[in-house]
>>> print(open('entry_32.pdb').read())   # PDB, C-alpha atoms and all ligand atoms
ATOM      1  CA  MET W   1      65.726  -9.950  56.134  1.00  0.00           C
ATOM      2  CA  SER W   2      63.964  -9.221  59.419  1.00  0.00           C
ATOM      3  CA  GLY W   3      62.647  -5.786  60.317  1.00  0.00           C
ATOM      4  CA  LEU W   4      65.315  -5.672  63.018  1.00  0.00           C
ATOM      5  CA  SER W   5      68.151  -4.860  60.627  1.00  0.00           C
ATOM      6  CA  MET W   6      71.407  -3.676  62.163  1.00  0.00           C
ATOM      7  CA  ALA W   7      71.864   0.098  62.171  1.00  0.00           C
ATOM      8  CA  ARG W   8      74.825   0.964  59.988  1.00  0.00           C
ATOM      9  CA  ALA W   9      77.875   2.479  61.605  1.00  0.00           C
ATOM     10  CA  LYS W  10      78.017   6.258  61.458  1.00  0.00           C
ATOM     11  CA  ARG W  11      80.330   7.442  58.698  1.00  0.00           C
ATOM     12  CA  ILE W  12      82.581  10.338  59.519  1.00  0.00           C
ATOM     13  CA  VAL W  13      84.671  12.025  56.820  1.00  0.00           C
ATOM     14  CA  GLY W  14      87.837  13.953  57.673  1.00  0.00           C
ATOM     15  CA  LEU W  15      89.409  16.408  55.302  1.00  0.00           C
ATOM     16  CA  GLY W  16      92.344  18.702  55.774  1.00  0.00           C
ATOM     17  CA  GLY W  17      96.017  19.040  56.384  1.00  0.00           C
ATOM     18  CA  THR W  18      98.867  20.385  54.320  1.00  0.00           C
ATOM     19  CA  PHE W  19     101.703  19.074  52.160  1.00  0.00           C
ATOM     20  CA  ARG W  20     103.981  18.869  55.190  1.00  0.00           C
ATOM     21  CA  GLN W  21     105.003  15.332  56.223  1.00  0.00           C
ATOM     22  CA  ALA W  22     104.185  16.110  59.848  1.00  0.00           C
ATOM     23  CA  SER W  23     101.162  18.278  59.186  1.00  0.00           C
ATOM     24  CA  SER W  24      99.770  19.216  62.590  1.00  0.00           C
ATOM     25  CA  SER W  25      96.296  20.032  61.254  1.00  0.00           C
ATOM     26  CA  GLU W  26      96.157  16.612  59.552  1.00  0.00           C
ATOM     27  CA  ARG W  27      97.258  14.883  62.738  1.00  0.00           C
ATOM     28  CA  ILE W  28      94.585  16.587  64.823  1.00  0.00           C
ATOM     29  CA  VAL W  29      91.868  15.704  62.303  1.00  0.00           C
ATOM     30  CA  ARG W  30      93.087  12.101  62.367  1.00  0.00           C
ATOM     31  CA  ALA W  31      92.955  12.185  66.178  1.00  0.00           C
ATOM     32  CA  VAL W  32      89.311  13.322  66.091  1.00  0.00           C
ATOM     33  CA  LEU W  33      88.532  10.545  63.592  1.00  0.00           C
ATOM     34  CA  ALA W  34      90.263   7.990  65.833  1.00  0.00           C
ATOM     35  CA  ASP W  35      88.093   9.047  68.778  1.00  0.00           C
ATOM     36  CA  CYS W  36      84.992   8.838  66.553  1.00  0.00           C
ATOM     37  CA  ALA W  37      86.088   5.329  65.514  1.00  0.00           C
ATOM     38  CA  ALA W  38      86.454   4.389  69.194  1.00  0.00           C
ATOM     39  CA  LEU W  39      82.800   5.416  69.532  1.00  0.00           C
ATOM     40  CA  GLY W  40      81.777   3.093  66.693  1.00  0.00           C
ATOM     41  CA  ALA W  41      82.209   5.223  63.562  1.00  0.00           C
ATOM     42  CA  GLN W  42      83.608   4.208  60.202  1.00  0.00           C
ATOM     43  CA  THR W  43      86.013   6.914  59.136  1.00  0.00           C
ATOM     44  CA  ILE W  44      87.736   8.046  55.973  1.00  0.00           C
ATOM     45  CA  MET W  45      90.418  10.703  55.669  1.00  0.00           C
ATOM     46  CA  PHE W  46      91.253  13.024  52.767  1.00  0.00           C
ATOM     47  CA  ASP W  47      94.639  14.446  53.766  1.00  0.00           C
ATOM     48  CA  GLY W  48      96.784  17.158  52.195  1.00  0.00           C
ATOM     49  CA  PRO W  49      98.165  15.012  49.343  1.00  0.00           C
ATOM     50  CA  ALA W  50      94.645  13.715  48.594  1.00  0.00           C
ATOM     51  CA  LEU W  51      93.267  17.256  48.472  1.00  0.00           C
ATOM     52  CA  ALA W  52      96.183  18.274  46.244  1.00  0.00           C
ATOM     53  CA  ARG W  53      94.971  15.774  43.629  1.00  0.00           C
ATOM     54  CA  LEU W  54      91.779  17.802  43.196  1.00  0.00           C
ATOM     55  CA  PRO W  55      91.940  20.177  40.236  1.00  0.00           C
ATOM     56  CA  HIS W  56      91.033  23.786  40.850  1.00  0.00           C
ATOM     57  CA  PHE W  57      87.276  23.856  41.120  1.00  0.00           C
ATOM     58  CA  ASN W  58      85.699  25.178  37.928  1.00  0.00           C
ATOM     59  CA  PRO W  59      81.928  25.718  38.142  1.00  0.00           C
ATOM     60  CA  GLU W  60      81.643  25.493  34.346  1.00  0.00           C
ATOM     61  CA  ASN W  61      83.326  22.092  34.060  1.00  0.00           C
ATOM     62  CA  PRO W  62      80.912  19.246  34.888  1.00  0.00           C
ATOM     63  CA  THR W  63      83.443  16.423  34.399  1.00  0.00           C
ATOM     64  CA  ARG W  64      84.889  14.945  37.560  1.00  0.00           C
ATOM     65  CA  THR W  65      88.135  13.104  38.195  1.00  0.00           C
ATOM     66  CA  ASP W  66      88.155   9.965  40.347  1.00  0.00           C
ATOM     67  CA  ALA W  67      89.669  12.001  43.181  1.00  0.00           C
ATOM     68  CA  GLU W  68      86.876  14.560  42.976  1.00  0.00           C
ATOM     69  CA  SER W  69      84.139  11.918  42.836  1.00  0.00           C
ATOM     70  CA  ALA W  70      85.612  10.084  45.831  1.00  0.00           C
ATOM     71  CA  LEU W  71      85.394  13.185  48.017  1.00  0.00           C
ATOM     72  CA  VAL W  72      81.933  14.222  46.833  1.00  0.00           C
ATOM     73  CA  GLU W  73      80.491  10.714  47.314  1.00  0.00           C
ATOM     74  CA  ALA W  74      82.082  10.315  50.737  1.00  0.00           C
ATOM     75  CA  VAL W  75      80.570  13.575  51.976  1.00  0.00           C
ATOM     76  CA  ARG W  76      77.230  12.864  50.305  1.00  0.00           C
ATOM     77  CA  ASP W  77      77.009   9.571  52.176  1.00  0.00           C
ATOM     78  CA  CYS W  78      78.375  10.619  55.558  1.00  0.00           C
ATOM     79  CA  ASP W  79      76.853  11.370  58.940  1.00  0.00           C
ATOM     80  CA  GLY W  80      79.464  13.867  60.099  1.00  0.00           C
ATOM     81  CA  ILE W  81      82.502  15.758  58.895  1.00  0.00           C
ATOM     82  CA  VAL W  82      85.776  16.985  60.389  1.00  0.00           C
ATOM     83  CA  ILE W  83      87.576  19.806  58.574  1.00  0.00           C
ATOM     84  CA  GLY W  84      91.097  20.847  59.541  1.00  0.00           C
ATOM     85  CA  SER W  85      93.212  23.688  58.225  1.00  0.00           C
ATOM     86  CA  PRO W  86      96.325  25.589  59.129  1.00  0.00           C
ATOM     87  CA  GLY W  87      95.874  29.299  59.696  1.00  0.00           C
ATOM     88  CA  TYR W  88      97.381  30.838  56.562  1.00  0.00           C
ATOM     89  CA  HIS W  89      97.518  34.635  56.617  1.00  0.00           C
ATOM     90  CA  GLY W  90      94.721  34.757  59.151  1.00  0.00           C
ATOM     91  CA  GLY W  91      92.350  32.464  57.260  1.00  0.00           C
ATOM     92  CA  TYR W  92      92.078  28.897  56.115  1.00  0.00           C
ATOM     93  CA  SER W  93      94.193  27.413  53.348  1.00  0.00           C
ATOM     94  CA  GLY W  94      93.421  27.430  49.645  1.00  0.00           C
ATOM     95  CA  LEU W  95      93.905  23.662  49.562  1.00  0.00           C
ATOM     96  CA  VAL W  96      91.041  23.145  52.000  1.00  0.00           C
ATOM     97  CA  LYS W  97      88.859  25.834  50.422  1.00  0.00           C
ATOM     98  CA  ASN W  98      89.228  24.226  46.992  1.00  0.00           C
ATOM     99  CA  ALA W  99      87.937  20.951  48.437  1.00  0.00           C
ATOM    100  CA  VAL W 100      85.035  22.693  50.140  1.00  0.00           C
ATOM    101  CA  ASP W 101      84.130  24.534  46.927  1.00  0.00           C
ATOM    102  CA  LEU W 102      83.930  21.197  45.085  1.00  0.00           C
ATOM    103  CA  LEU W 103      81.114  20.253  47.468  1.00  0.00           C
ATOM    104  CA  GLU W 104      78.982  22.613  45.402  1.00  0.00           C
ATOM    105  CA  ASP W 105      78.184  19.291  43.686  1.00  0.00           C
ATOM    106  CA  LEU W 106      75.874  18.608  46.661  1.00  0.00           C
ATOM    107  CA  ARG W 107      73.841  21.746  45.931  1.00  0.00           C
ATOM    108  CA  ALA W 108      70.896  19.901  44.350  1.00  0.00           C
ATOM    109  CA  ASP W 109      70.867  16.936  46.762  1.00  0.00           C
ATOM    110  CA  ALA W 110      67.813  16.327  48.964  1.00  0.00           C
ATOM    111  CA  ARG W 111      70.290  16.717  51.803  1.00  0.00           C
ATOM    112  CA  VAL W 112      72.039  19.783  50.456  1.00  0.00           C
ATOM    113  CA  TYR W 113      75.750  20.416  51.270  1.00  0.00           C
ATOM    114  CA  PHE W 114      76.289  19.552  55.002  1.00  0.00           C
ATOM    115  CA  ASP W 115      72.589  19.735  55.847  1.00  0.00           C
ATOM    116  CA  GLY W 116      71.630  18.143  59.160  1.00  0.00           C
ATOM    117  CA  ARG W 117      75.146  17.022  59.942  1.00  0.00           C
ATOM    118  CA  PRO W 118      77.696  17.899  62.619  1.00  0.00           C
ATOM    119  CA  VAL W 119      80.959  19.436  61.448  1.00  0.00           C
ATOM    120  CA  GLY W 120      83.974  19.418  63.749  1.00  0.00           C
ATOM    121  CA  LEU W 121      86.514  22.149  62.999  1.00  0.00           C
ATOM    122  CA  VAL W 122      90.246  21.995  63.628  1.00  0.00           C
ATOM    123  CA  VAL W 123      92.820  24.773  63.223  1.00  0.00           C
ATOM    124  CA  THR W 124      96.522  24.858  63.915  1.00  0.00           C
ATOM    125  CA  ALA W 125      98.466  28.088  63.608  1.00  0.00           C
ATOM    126  CA  ALA W 126     101.683  29.625  64.833  1.00  0.00           C
ATOM    127  CA  GLY W 127      99.764  32.246  66.818  1.00  0.00           C
ATOM    128  CA  TRP W 128      96.536  32.548  68.763  1.00  0.00           C
ATOM    129  CA  GLN W 129      95.159  35.323  66.563  1.00  0.00           C
ATOM    130  CA  ALA W 130      95.086  33.097  63.467  1.00  0.00           C
ATOM    131  CA  CYS W 131      93.687  30.214  65.549  1.00  0.00           C
ATOM    132  CA  GLY W 132      90.667  32.405  66.379  1.00  0.00           C
ATOM    133  CA  THR W 133      90.134  34.106  63.029  1.00  0.00           C
ATOM    134  CA  THR W 134      90.527  30.869  61.057  1.00  0.00           C
ATOM    135  CA  LEU W 135      88.169  28.891  63.289  1.00  0.00           C
ATOM    136  CA  SER W 136      85.618  31.671  63.065  1.00  0.00           C
ATOM    137  CA  ALA W 137      85.899  31.850  59.252  1.00  0.00           C
ATOM    138  CA  MET W 138      85.424  28.094  58.952  1.00  0.00           C
ATOM    139  CA  ARG W 139      82.350  28.227  61.192  1.00  0.00           C
ATOM    140  CA  ASP W 140      80.812  30.838  58.882  1.00  0.00           C
ATOM    141  CA  VAL W 141      81.418  28.578  55.872  1.00  0.00           C
ATOM    142  CA  VAL W 142      79.821  25.586  57.608  1.00  0.00           C
ATOM    143  CA  HIS W 143      76.777  27.695  58.473  1.00  0.00           C
ATOM    144  CA  ALA W 144      76.532  28.829  54.833  1.00  0.00           C
ATOM    145  CA  MET W 145      76.561  25.162  53.831  1.00  0.00           C
ATOM    146  CA  ARG W 146      73.790  24.318  56.301  1.00  0.00           C
ATOM    147  CA  GLY W 147      76.018  22.287  58.590  1.00  0.00           C
ATOM    148  CA  TRP W 148      76.139  22.345  62.366  1.00  0.00           C
ATOM    149  CA  PRO W 149      79.585  23.287  63.673  1.00  0.00           C
ATOM    150  CA  THR W 150      80.152  21.460  66.938  1.00  0.00           C
ATOM    151  CA  PRO W 151      80.344  23.751  69.971  1.00  0.00           C
ATOM    152  CA  VAL W 152      83.872  22.470  70.606  1.00  0.00           C
ATOM    153  CA  GLY W 153      86.322  23.675  67.971  1.00  0.00           C
ATOM    154  CA  VAL W 154      89.922  22.533  68.324  1.00  0.00           C
ATOM    155  CA  ALA W 155      92.417  25.381  67.906  1.00  0.00           C
ATOM    156  CA  VAL W 156      96.046  24.533  68.554  1.00  0.00           C
ATOM    157  CA  ASN W 157      98.970  26.938  68.710  1.00  0.00           C
ATOM    158  CA  SER W 158     101.591  24.779  67.039  1.00  0.00           C
ATOM    159  CA  VAL W 159     104.470  26.895  68.381  1.00  0.00           C
ATOM    160  CA  GLU W 160     103.428  27.279  72.034  1.00  0.00           C
ATOM    161  CA  GLN W 161     101.714  23.941  72.555  1.00  0.00           C
ATOM    162  CA  ARG W 162     103.727  21.396  70.522  1.00  0.00           C
ATOM    163  CA  PRO W 163     101.127  18.722  71.249  1.00  0.00           C
ATOM    164  CA  PHE W 164     102.825  15.721  69.585  1.00  0.00           C
ATOM    165  CA  GLY W 165     105.485  13.311  70.783  1.00  0.00           C
ATOM    166  CA  PRO W 166     108.389  12.162  68.580  1.00  0.00           C
ATOM    167  CA  ASP W 167     106.240   9.361  67.099  1.00  0.00           C
ATOM    168  CA  GLY W 168     103.509  11.847  66.122  1.00  0.00           C
ATOM    169  CA  ALA W 169     101.087  10.744  68.855  1.00  0.00           C
ATOM    170  CA  LEU W 170      99.054  13.374  70.688  1.00  0.00           C
ATOM    171  CA  THR W 171     100.719  13.948  74.062  1.00  0.00           C
ATOM    172  CA  ASP W 172      99.129  17.197  75.274  1.00  0.00           C
ATOM    173  CA  ASP W 173      96.320  16.394  77.734  1.00  0.00           C
ATOM    174  CA  GLY W 174      94.400  19.598  77.084  1.00  0.00           C
ATOM    175  CA  VAL W 175      94.414  19.130  73.309  1.00  0.00           C
ATOM    176  CA  ALA W 176      93.528  15.448  73.703  1.00  0.00           C
ATOM    177  CA  ARG W 177      90.547  16.420  75.888  1.00  0.00           C
ATOM    178  CA  ALA W 178      89.329  18.936  73.296  1.00  0.00           C
ATOM    179  CA  VAL W 179      89.729  16.333  70.528  1.00  0.00           C
ATOM    180  CA  ARG W 180      87.751  13.774  72.537  1.00  0.00           C
ATOM    181  CA  ALA W 181      85.029  16.292  73.387  1.00  0.00           C
ATOM    182  CA  GLN W 182      84.661  17.236  69.732  1.00  0.00           C
ATOM    183  CA  ALA W 183      84.454  13.569  68.700  1.00  0.00           C
ATOM    184  CA  GLN W 184      81.795  12.952  71.365  1.00  0.00           C
ATOM    185  CA  GLN W 185      79.755  15.905  70.107  1.00  0.00           C
ATOM    186  CA  ILE W 186      80.026  14.746  66.485  1.00  0.00           C
ATOM    187  CA  MET W 187      78.904  11.234  67.366  1.00  0.00           C
ATOM    188  CA  ALA W 188      76.110  12.330  69.718  1.00  0.00           C
ATOM    189  CA  PHE W 189      74.726  14.638  67.046  1.00  0.00           C
ATOM    190  CA  ALA W 190      75.084  12.024  64.305  1.00  0.00           C
ATOM    191  CA  MET W 191      73.261   9.408  66.386  1.00  0.00           C
ATOM    192  CA  ALA W 192      70.440  11.800  67.327  1.00  0.00           C
ATOM    193  CA  ALA W 193      70.018  13.332  63.857  1.00  0.00           C
ATOM    194  CA  VAL W 194      66.577  13.003  62.299  1.00  0.00           C
ATOM    195  CA  PRO W 195      66.611  12.828  58.484  1.00  0.00           C
ATOM    196  CA  ALA W 196      65.411  16.168  57.101  1.00  0.00           C
ATOM    197  CA  GLU W 197      62.541  14.535  55.158  1.00  0.00           C
ATOM    198  CA  ASN W 198      61.100  13.249  58.458  1.00  0.00           C
ATOM    199  CA  VAL W 199      60.944  16.690  60.034  1.00  0.00           C
ATOM    200  CA  ALA W 200      57.494  18.268  59.733  1.00  0.00           C
TER     201      ALA W 200
HETATM  202  C1  LIG W 301     101.788  30.471  53.894  1.00  0.00           C
HETATM  203  C2  LIG W 301     101.703  30.428  55.397  1.00  0.00           C
HETATM  204  C3  LIG W 301     100.980  31.393  56.058  1.00  0.00           C
HETATM  205  C4  LIG W 301     100.861  31.372  57.439  1.00  0.00           C
HETATM  206  N1  LIG W 301     100.136  32.336  58.074  1.00  0.00           N
HETATM  207  C5  LIG W 301     100.023  32.317  59.409  1.00  0.00           C
HETATM  208  C6  LIG W 301      99.271  33.322  60.079  1.00  0.00           C
HETATM  209  O1  LIG W 301      98.736  34.250  59.485  1.00  0.00           O
HETATM  210  N2  LIG W 301      99.191  33.244  61.425  1.00  0.00           N
HETATM  211  C7  LIG W 301      99.761  32.232  62.133  1.00  0.00           C
HETATM  212  O2  LIG W 301      99.623  32.199  63.348  1.00  0.00           O
HETATM  213  N3  LIG W 301     100.462  31.250  61.522  1.00  0.00           N
HETATM  214  C8  LIG W 301     100.605  31.269  60.184  1.00  0.00           C
HETATM  215  N4  LIG W 301     101.308  30.282  59.551  1.00  0.00           N
HETATM  216  C9  LIG W 301     101.832  29.153  60.341  1.00  0.00           C
HETATM  217  C10 LIG W 301     100.925  27.920  60.219  1.00  0.00           C
HETATM  218  O3  LIG W 301      99.571  28.246  60.478  1.00  0.00           O
HETATM  219  C11 LIG W 301     101.343  26.853  61.246  1.00  0.00           C
HETATM  220  O4  LIG W 301     102.689  26.531  61.067  1.00  0.00           O
HETATM  221  C12 LIG W 301     100.461  25.623  61.129  1.00  0.00           C
HETATM  222  O5  LIG W 301     100.566  24.894  62.322  1.00  0.00           O
HETATM  223  C13 LIG W 301     100.868  24.735  59.944  1.00  0.00           C
HETATM  224  O6  LIG W 301      99.973  23.637  59.845  1.00  0.00           O
HETATM  225  P1  LIG W 301     100.483  22.188  59.404  1.00  0.00           P
HETATM  226  O7  LIG W 301     101.364  21.705  60.523  1.00  0.00           O
HETATM  227  O8  LIG W 301      99.228  21.376  59.271  1.00  0.00           O
HETATM  228  O9  LIG W 301     101.229  22.351  58.124  1.00  0.00           O
HETATM  229  C14 LIG W 301     101.477  30.330  58.173  1.00  0.00           C
HETATM  230  C15 LIG W 301     102.224  29.352  57.494  1.00  0.00           C
HETATM  231  C16 LIG W 301     102.340  29.409  56.116  1.00  0.00           C
HETATM  232  C17 LIG W 301     103.142  28.353  55.400  1.00  0.00           C
END
>>> encode(input="entry_32.pdb", output="structure tokens", more="lines below")
Ligand SMILES: Cc1cc2nc3c(=O)[nH]c(=O)nc-3n(C[C@H](O)[C@H](O)[C@H](O)COP(=O)(O)O)c2cc1C
Amino acid sequence: MSGLSMARAKRIVGLGGTFRQASSSERIVRAVLADCAALGAQTIMFDGPALARLPHFNPENPTRTDAESALVEAVRDCDGIVIGSPGYHGGYSGLVKNAVDLLEDLRADARVYFDGRPVGLVVTAAGWQACGTTLSAMRDVVHAMRGWPTPVGVAVNSVEQRPFGPDGALTDDGVARAVRAQAQQIMAFAMAAVPAENVA
């Protein structure tokens, strides 16, 4: 093989959503992933039902189910992450937190947790207060896990904005612009990122 090997496509992992068929947080995460894909990314989504297959995280149980391994390996191997949650009681959902806690498996990696990677955050809630508090709480978690929350967070008031058409497509221009801006920031960061071991 020549030294001019093709750069691999950036891999962006989405996780989030709820059990609801028309989960708005899942749809917005999928919209960010679609915009990342339009910019050349390979994407994979772990939606509400996929996250529901994860057992409750138990730090004393080292065995992993296939569902757990799939999520851990996808995040281990990725160049960027999108996390979406509904605002539940002013914070993010237990379903999403359980998935994030499982990523403790990346604790001993050379690239620990979300190290060196952009993390786009998405919240939908019935009110603006939970949009703000939930987004802020998720940013704190990403910082704790050494990730880089993108400057653009997407917070959608699912009662006032109703950003989807009858077919589930994103129809609100303002939300679509925020989604696109977040995807652009994820991809720009992922393409510029210098592997941690190369930083003096
Ligand atoms: C258990 C529960 C708690 C909720 N708590 C809040 C809340 O504190 N503030 C708020 O604005 N909306 C709250 N909501 C509304 C959801 O955040 C909102 O409907 C969200 O868009 C649902 O996301 P989904 O469409 O992905 O299921 C709550 C909903 C549920 C089911």
>>> resolve_selection(input="entry_32.pdb", expression="the PyMOL selection byres (((chain W and resi 29) around 9) and not hetatm)", output="ChimeraX atom specification")
/W:14-17,24-28,30-34,45,82-84,120-122,179
>>> closest_residue(input="entry_32.pdb", among="W:Asp115, W:Asp66, W:Glu160, W:Glu104", to="ligand LIG 301 (chain W)", atoms="all atoms listed in the file")
W:Glu160
>>> closest_residue(input="entry_32.pdb", among="W:Pro49, W:Gly147, W:Gly127, W:Gly116", to="ligand LIG 301 (chain W)", atoms="all atoms listed in the file")
W:Gly127
>>> atom_distance(input="entry_32.pdb", atom1="CA of Leu102 in chain W", atom2="CA of Gly80 in chain W")
17.3 Å
>>> residues_near_ligand(input="entry_32.pdb", ligand="ligand LIG 301 (chain W)", cutoff="6 Å", atoms="only C-alpha atoms and all ligand atoms", output="PDB file with C-alpha atoms, in the coordinates of the input")
ATOM      1  CA  GLY W  17      96.017  19.040  56.384  1.00  0.00           C
ATOM      2  CA  THR W  18      98.867  20.385  54.320  1.00  0.00           C
ATOM      3  CA  ARG W  20     103.981  18.869  55.190  1.00  0.00           C
ATOM      4  CA  SER W  23     101.162  18.278  59.186  1.00  0.00           C
ATOM      5  CA  SER W  24      99.770  19.216  62.590  1.00  0.00           C
ATOM      6  CA  SER W  25      96.296  20.032  61.254  1.00  0.00           C
ATOM      7  CA  GLU W  26      96.157  16.612  59.552  1.00  0.00           C
ATOM      8  CA  PRO W  86      96.325  25.589  59.129  1.00  0.00           C
ATOM      9  CA  GLY W  87      95.874  29.299  59.696  1.00  0.00           C
ATOM     10  CA  TYR W  88      97.381  30.838  56.562  1.00  0.00           C
ATOM     11  CA  HIS W  89      97.518  34.635  56.617  1.00  0.00           C
ATOM     12  CA  GLY W  90      94.721  34.757  59.151  1.00  0.00           C
ATOM     13  CA  THR W 124      96.522  24.858  63.915  1.00  0.00           C
ATOM     14  CA  ALA W 125      98.466  28.088  63.608  1.00  0.00           C
ATOM     15  CA  ALA W 126     101.683  29.625  64.833  1.00  0.00           C
ATOM     16  CA  GLY W 127      99.764  32.246  66.818  1.00  0.00           C
ATOM     17  CA  ALA W 130      95.086  33.097  63.467  1.00  0.00           C
ATOM     18  CA  SER W 158     101.591  24.779  67.039  1.00  0.00           C
TER      19      SER W 158
END
>>> closest_residue(input="entry_32.pdb", among="W:Ala99, W:Val112, W:Cys36, W:Val13", to="Asn58 in chain W", atoms="only C-alpha atoms")
W:Ala99
>>> atom_distance(input="entry_32.pdb", atom1="CA of Leu135 in chain W", atom2="CA of Ala155 in chain W")
7.2 Å
>>> resolve_selection(input="entry_32.pdb", expression="the PyMOL selection byres (((chain W and resi 149) around 7) and not hetatm)", output="list of chain:residue names")
W:Pro118, W:Val119, W:Gly120, W:Arg139, W:Val142, W:Gly147, W:Trp148, W:Thr150, W:Pro151
>>> build_atoms(input="entry_32.pdb", residues="range 121-128 of chain W", atoms="all heavy atoms", output="mmCIF file, in the coordinates of the input")
data_model
loop_
_atom_site.group_PDB
_atom_site.id
_atom_site.type_symbol
_atom_site.label_atom_id
_atom_site.label_comp_id
_atom_site.auth_asym_id
_atom_site.auth_seq_id
_atom_site.Cartn_x
_atom_site.Cartn_y
_atom_site.Cartn_z
ATOM 1 N N LEU W 121 85.516 21.283 63.640
ATOM 2 C CA LEU W 121 86.514 22.149 62.999
ATOM 3 C C LEU W 121 87.806 22.160 63.793
ATOM 4 O O LEU W 121 87.800 22.220 65.035
ATOM 5 C CB LEU W 121 85.951 23.564 62.866
ATOM 6 C CG LEU W 121 84.737 23.636 61.924
ATOM 7 C CD1 LEU W 121 84.083 25.009 61.999
ATOM 8 C CD2 LEU W 121 85.109 23.284 60.497
ATOM 9 N N VAL W 122 88.903 22.084 63.050
ATOM 10 C CA VAL W 122 90.246 21.995 63.628
ATOM 11 C C VAL W 122 91.126 23.047 62.963
ATOM 12 O O VAL W 122 91.133 23.155 61.732
ATOM 13 C CB VAL W 122 90.844 20.594 63.364
ATOM 14 C CG1 VAL W 122 92.330 20.567 63.671
ATOM 15 C CG2 VAL W 122 90.087 19.520 64.146
ATOM 16 N N VAL W 123 91.846 23.808 63.758
ATOM 17 C CA VAL W 123 92.820 24.773 63.223
ATOM 18 C C VAL W 123 94.126 24.621 63.970
ATOM 19 O O VAL W 123 94.125 24.457 65.207
ATOM 20 C CB VAL W 123 92.327 26.227 63.417
ATOM 21 C CG1 VAL W 123 93.398 27.219 62.937
ATOM 22 C CG2 VAL W 123 91.035 26.469 62.681
ATOM 23 N N THR W 124 95.239 24.655 63.257
ATOM 24 C CA THR W 124 96.522 24.858 63.915
ATOM 25 C C THR W 124 97.160 26.086 63.279
ATOM 26 O O THR W 124 97.032 26.309 62.077
ATOM 27 C CB THR W 124 97.472 23.650 63.779
ATOM 28 O OG1 THR W 124 97.914 23.527 62.433
ATOM 29 C CG2 THR W 124 96.809 22.356 64.224
ATOM 30 N N ALA W 125 97.791 26.885 64.116
ATOM 31 C CA ALA W 125 98.466 28.088 63.608
ATOM 32 C C ALA W 125 99.615 28.430 64.543
ATOM 33 O O ALA W 125 99.664 27.969 65.688
ATOM 34 C CB ALA W 125 97.486 29.256 63.514
ATOM 35 N N ALA W 126 100.512 29.257 64.041
ATOM 36 C CA ALA W 126 101.683 29.625 64.833
ATOM 37 C C ALA W 126 101.335 30.652 65.904
ATOM 38 O O ALA W 126 102.150 30.912 66.795
ATOM 39 C CB ALA W 126 102.773 30.165 63.913
ATOM 40 N N GLY W 127 100.165 31.241 65.828
ATOM 41 C CA GLY W 127 99.764 32.246 66.818
ATOM 42 C C GLY W 127 98.288 32.128 67.152
ATOM 43 O O GLY W 127 97.508 31.585 66.360
ATOM 44 N N TRP W 128 97.932 32.668 68.317
ATOM 45 C CA TRP W 128 96.536 32.548 68.763
ATOM 46 C C TRP W 128 95.579 33.342 67.888
ATOM 47 O O TRP W 128 94.422 32.965 67.703
ATOM 48 C CB TRP W 128 96.418 32.991 70.221
ATOM 49 C CG TRP W 128 97.057 32.001 71.152
ATOM 50 C CD1 TRP W 128 98.134 32.197 71.961
ATOM 51 C CD2 TRP W 128 96.652 30.632 71.361
ATOM 52 N NE1 TRP W 128 98.434 31.052 72.646
ATOM 53 C CE2 TRP W 128 97.547 30.073 72.313
ATOM 54 C CE3 TRP W 128 95.634 29.832 70.837
ATOM 55 C CZ2 TRP W 128 97.451 28.750 72.746
ATOM 56 C CZ3 TRP W 128 95.533 28.514 71.270
ATOM 57 C CH2 TRP W 128 96.443 27.992 72.211
#
